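K.L.:
Can you read through this structure? Questions will come right after.
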Amino acid sequence: MKDVKYILAISGGVDSVVLLDMVARGRLPLLPLQERFLQEEDLVVAHFDHGIRDDSANDAELVKSLATKYGIECVIGYGELGENASEQLARARRYEFLRDLCSDLCKDGACKIITAHHQDDLLETIVMNLIRGTGWRGLAPFWSDDILRPLLNLTKAEIVSYAITNDLEWTEDETNYSSKYFRNRVRDFVSRIKTEPREKLLELNKKQVKLRSEIEKILKLCKDGACKVADVLSLPDNVAVEFLRQVTNEKLTTLQLRRLLKNLKIAKSGDRLQPGGGIQIGIYRGNLTISKIR
C-alpha cells in the first residue's frame, strides 16, 4: 500500500474525540480493503483554533494532551477570526489550514483528511441544502476526494454513548447552541425528525450519492470541455439528464435537458444543437462540446 499521511481533524468536541479514540485504539479501519489498522506514524492530529471564543485556547490544550496520550504528532493552527466571524468563514479557514498541512506533509499529494462528521451532520447538511434550494447535488453532500468521513454510519446518540462508556474527556463549544447560526437552528429540527422520515432522507442520500458517483466518473473522462457522446449515452437516461445539467452549468430546464438528450441520440457529426440558455452543443467525430451562442 502506498504510504499516505492521514490528518485527523480534531476540534476537542465529543465527535472528534471519539474519532481520535477509535482510530488510536484500532477500532476503526479507515480504508476500503485495508489489511491493517493505522499506526501512529501514519497519523497527524490537527486542530484549528478559530479564535472566535475567548476560551478557545482551552480546546487546543485538550487536543494537544489527547494527542500526547495516544502518541500521535499534533499540529495547531490559529485563525484569530473574532467573535463576529461567520460560520462559512470559520469553515473555509479550517479547511484551508487542513489542506495546507496536507500539502506540507505529503509533497506527492498522497494525503487524506479525516473528519468526525456523523449521520446527524449528514442529515443537517441535506436539510440545509434543501432549504437553500441547491438542487440534486445538495442531497449528496460531503463529496471530496481528499476527505474521509468514517463515522457517517453513526448517530450523534451513538457517539455520545461511546464517549461516556469509554470515559472520554471532551469540550463543549457554546457556539454550537447559539441560534445565531443557521446550522444550529437546523440541528434542533433534525433532532426531532421521526425514524421513518429520517430513513427516507438517508435512502434519498444513498441514491443521490450513487447518481453523483456515476456523473463524476464520466466528468473525469471529459477533456478540454469535450465529452464523448457515447459516454453520455451509456448512462441511464435520468443520470444522463443530470450529467447534462451539470456540464451546462444548470442553465437548462429539465424539459430542455430531456429534449437535448433525445436529440443527442440521433445527432450526426457536424450537427449543432441549441437547447436554450444561450448554449450551443457541437457534435464532431463522436465528441460533444459546449459553448456560448455568439
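Chain lettering (A, B, ...) mirrors the order of the C-alpha cells, residue numbering begins at 1 for each chain separately, and ligand numbering begins at 1 in order of display.
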Fewer than 3 positions away in the same chain doesn't count, so skip those; otherwise give me all residues within 9 Å of stretch 140-154 of chain A, counting only C-alpha atoms, as a compact mmCIF listing (two decimals) with C-alpha atoms, in the first residue's frame.

P.N.:
# COMPACT_ATOMS: atom_id res chain seq x y z
CA ASP A 15 -17.45 13.76 17.89
CA LEU A 19 -12.96 9.62 16.25
CA LEU A 28 -11.92 1.93 13.06
CA PRO A 29 -10.31 0.79 9.77
CA LEU A 30 -10.28 3.89 7.56
CA LEU A 31 -9.63 2.49 4.12
CA ARG A 99 -5.29 21.23 3.19
CA ALA A 110 -0.88 11.25 -1.02
CA CYS A 111 -2.73 12.66 1.97
CA LYS A 112 -6.25 12.36 3.37
CA ILE A 113 -8.11 14.50 5.88
CA ILE A 114 -10.28 12.57 8.32
CA THR A 115 -13.21 14.37 9.91
CA ALA A 116 -15.72 13.30 12.56
CA HIS A 117 -18.87 14.05 10.59
CA HIS A 118 -21.62 11.65 11.60
CA GLN A 119 -25.11 10.72 10.40
CA ASP A 120 -26.81 13.68 12.07
CA ASP A 121 -24.32 16.05 10.41
CA LEU A 122 -25.18 14.49 7.07
CA THR A 125 -26.45 19.39 5.67
CA ILE A 126 -29.07 17.79 3.43
CA ASN A 129 -29.26 22.39 1.21
CA TRP A 136 -29.81 17.38 -6.52
CA ARG A 137 -26.16 17.79 -5.51
CA ALA A 157 -26.50 9.49 20.25
CA GLU A 158 -24.24 6.52 19.48
CA ILE A 159 -21.16 8.75 19.50
CA LEU A 204 -32.56 9.51 -0.83
CA ASN A 205 -28.99 10.45 0.01
CA LYS A 206 -27.82 6.94 -0.86
CA LYS A 207 -29.47 7.14 -4.30
CA GLN A 208 -28.07 10.60 -4.98
CA VAL A 209 -24.55 9.53 -3.94
CA LYS A 210 -24.73 6.71 -6.47
CA LEU A 211 -26.02 9.14 -9.10
CA ARG A 212 -23.28 11.64 -8.35

K.L.:
Under the rule that only C-alpha atoms are counted, which of A:Leu130, A:Ile52, A:Ala9, A:Leu66 is the nearest residue to A:Leu168?

P.N.:
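Among the listed residues, A:Leu66 lies closest to A:Leu168.
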
K.L.:
Based on DSSP run over this structure's backbone, return all residues of stretch 20-249 of chain A in strand (DSSP E or B), as an MDAnalysis selection string.

P.N.:
chainID A and resid 43:49 73:78 111:114 147:148 223 226:228

K.L.:
Quick one: everything within 12 Å of A:Gln88, counting only C-alpha atoms, minus sequence neighbours fewer than 4 positions away in the same chain. Send it as a ChimeraX atom specification.

P.N.:
/A:50,81,84,92-95,181-183

K.L.:
Next, dump the selected residues to file, keeping only all heavy atoms, as a short mmCIF file (atom, residue, chain, number, x, y, z; two decimals), in the first residue's frame.

P.N.:
data_model
loop_
_atom_site.label_atom_id
_atom_site.label_comp_id
_atom_site.auth_asym_id
_atom_site.auth_seq_id
_atom_site.Cartn_x
_atom_site.Cartn_y
_atom_site.Cartn_z
N HIS A 50 -10.03 28.76 15.84
CA HIS A 50 -10.61 29.84 15.05
C HIS A 50 -10.40 31.21 15.70
O HIS A 50 -10.41 32.23 15.03
CB HIS A 50 -12.12 29.63 14.87
CG HIS A 50 -12.46 28.40 14.11
ND1 HIS A 50 -12.74 27.20 14.72
CD2 HIS A 50 -12.57 28.17 12.77
CE1 HIS A 50 -13.02 26.29 13.81
NE2 HIS A 50 -12.93 26.84 12.61
N LEU A 81 -10.14 34.84 14.20
CA LEU A 81 -11.22 35.38 13.36
C LEU A 81 -12.11 36.37 14.09
O LEU A 81 -12.78 37.19 13.45
CB LEU A 81 -12.08 34.22 12.82
CG LEU A 81 -11.33 33.15 12.01
CD1 LEU A 81 -12.30 32.13 11.47
CD2 LEU A 81 -10.54 33.79 10.87
N ASN A 84 -17.32 37.79 15.76
CA ASN A 84 -18.35 38.05 14.74
C ASN A 84 -18.11 37.28 13.44
O ASN A 84 -18.81 37.50 12.45
CB ASN A 84 -18.41 39.56 14.43
CG ASN A 84 -18.89 40.36 15.62
OD1 ASN A 84 -19.83 39.94 16.32
ND2 ASN A 84 -18.27 41.50 15.87
N ALA A 92 -14.28 27.71 6.09
CA ALA A 92 -13.32 27.87 4.98
C ALA A 92 -11.89 27.95 5.49
O ALA A 92 -10.99 27.31 4.93
CB ALA A 92 -13.67 29.13 4.19
N ARG A 93 -11.67 28.68 6.58
CA ARG A 93 -10.32 28.82 7.13
C ARG A 93 -9.82 27.49 7.70
O ARG A 93 -8.64 27.17 7.61
CB ARG A 93 -10.29 29.91 8.20
CG ARG A 93 -10.47 31.31 7.64
CD ARG A 93 -9.25 31.73 6.80
NE ARG A 93 -9.45 33.03 6.19
CZ ARG A 93 -9.24 34.18 6.81
NH1 ARG A 93 -8.82 34.18 8.07
NH2 ARG A 93 -9.45 35.32 6.19
N ARG A 94 -10.74 26.76 8.31
CA ARG A 94 -10.36 25.46 8.88
C ARG A 94 -9.88 24.51 7.79
O ARG A 94 -8.83 23.87 7.92
CB ARG A 94 -11.56 24.87 9.62
CG ARG A 94 -11.33 23.46 10.18
CD ARG A 94 -12.50 23.07 11.06
NE ARG A 94 -12.39 21.71 11.56
CZ ARG A 94 -13.13 20.69 11.14
NH1 ARG A 94 -14.03 20.88 10.19
NH2 ARG A 94 -12.98 19.50 11.66
N TYR A 95 -10.63 24.42 6.70
CA TYR A 95 -10.23 23.51 5.63
C TYR A 95 -8.99 24.02 4.89
O TYR A 95 -8.20 23.22 4.38
CB TYR A 95 -11.39 23.27 4.67
CG TYR A 95 -12.35 22.23 5.18
CD1 TYR A 95 -13.59 22.59 5.71
CD2 TYR A 95 -12.00 20.89 5.18
CE1 TYR A 95 -14.45 21.63 6.21
CE2 TYR A 95 -12.85 19.92 5.67
CZ TYR A 95 -14.08 20.30 6.19
OH TYR A 95 -14.94 19.34 6.70
N TYR A 181 -26.47 30.91 14.46
CA TYR A 181 -26.00 30.13 13.32
C TYR A 181 -27.12 29.28 12.73
O TYR A 181 -27.85 28.58 13.44
CB TYR A 181 -24.83 29.24 13.73
CG TYR A 181 -23.62 30.02 14.19
CD1 TYR A 181 -23.25 30.07 15.53
CD2 TYR A 181 -22.84 30.73 13.27
CE1 TYR A 181 -22.14 30.81 15.95
CE2 TYR A 181 -21.74 31.46 13.68
CZ TYR A 181 -21.39 31.50 15.02
OH TYR A 181 -20.31 32.23 15.42
N PHE A 182 -27.24 29.34 11.41
CA PHE A 182 -28.28 28.62 10.68
C PHE A 182 -28.22 27.12 10.97
O PHE A 182 -29.23 26.47 11.20
CB PHE A 182 -28.11 28.90 9.18
CG PHE A 182 -29.07 28.17 8.29
CD1 PHE A 182 -30.41 28.07 8.61
CD2 PHE A 182 -28.63 27.59 7.10
CE1 PHE A 182 -31.31 27.41 7.78
CE2 PHE A 182 -29.51 26.92 6.27
CZ PHE A 182 -30.85 26.83 6.61
N ARG A 183 -27.00 26.56 10.96
CA ARG A 183 -26.86 25.12 11.18
C ARG A 183 -27.43 24.71 12.54
O ARG A 183 -28.04 23.65 12.67
CB ARG A 183 -25.41 24.67 11.07
CG ARG A 183 -25.20 23.18 11.34
CD ARG A 183 -23.78 22.73 11.10
NE ARG A 183 -23.43 22.73 9.70
CZ ARG A 183 -23.71 21.73 8.87
NH1 ARG A 183 -24.37 20.66 9.29
NH2 ARG A 183 -23.33 21.78 7.60
#
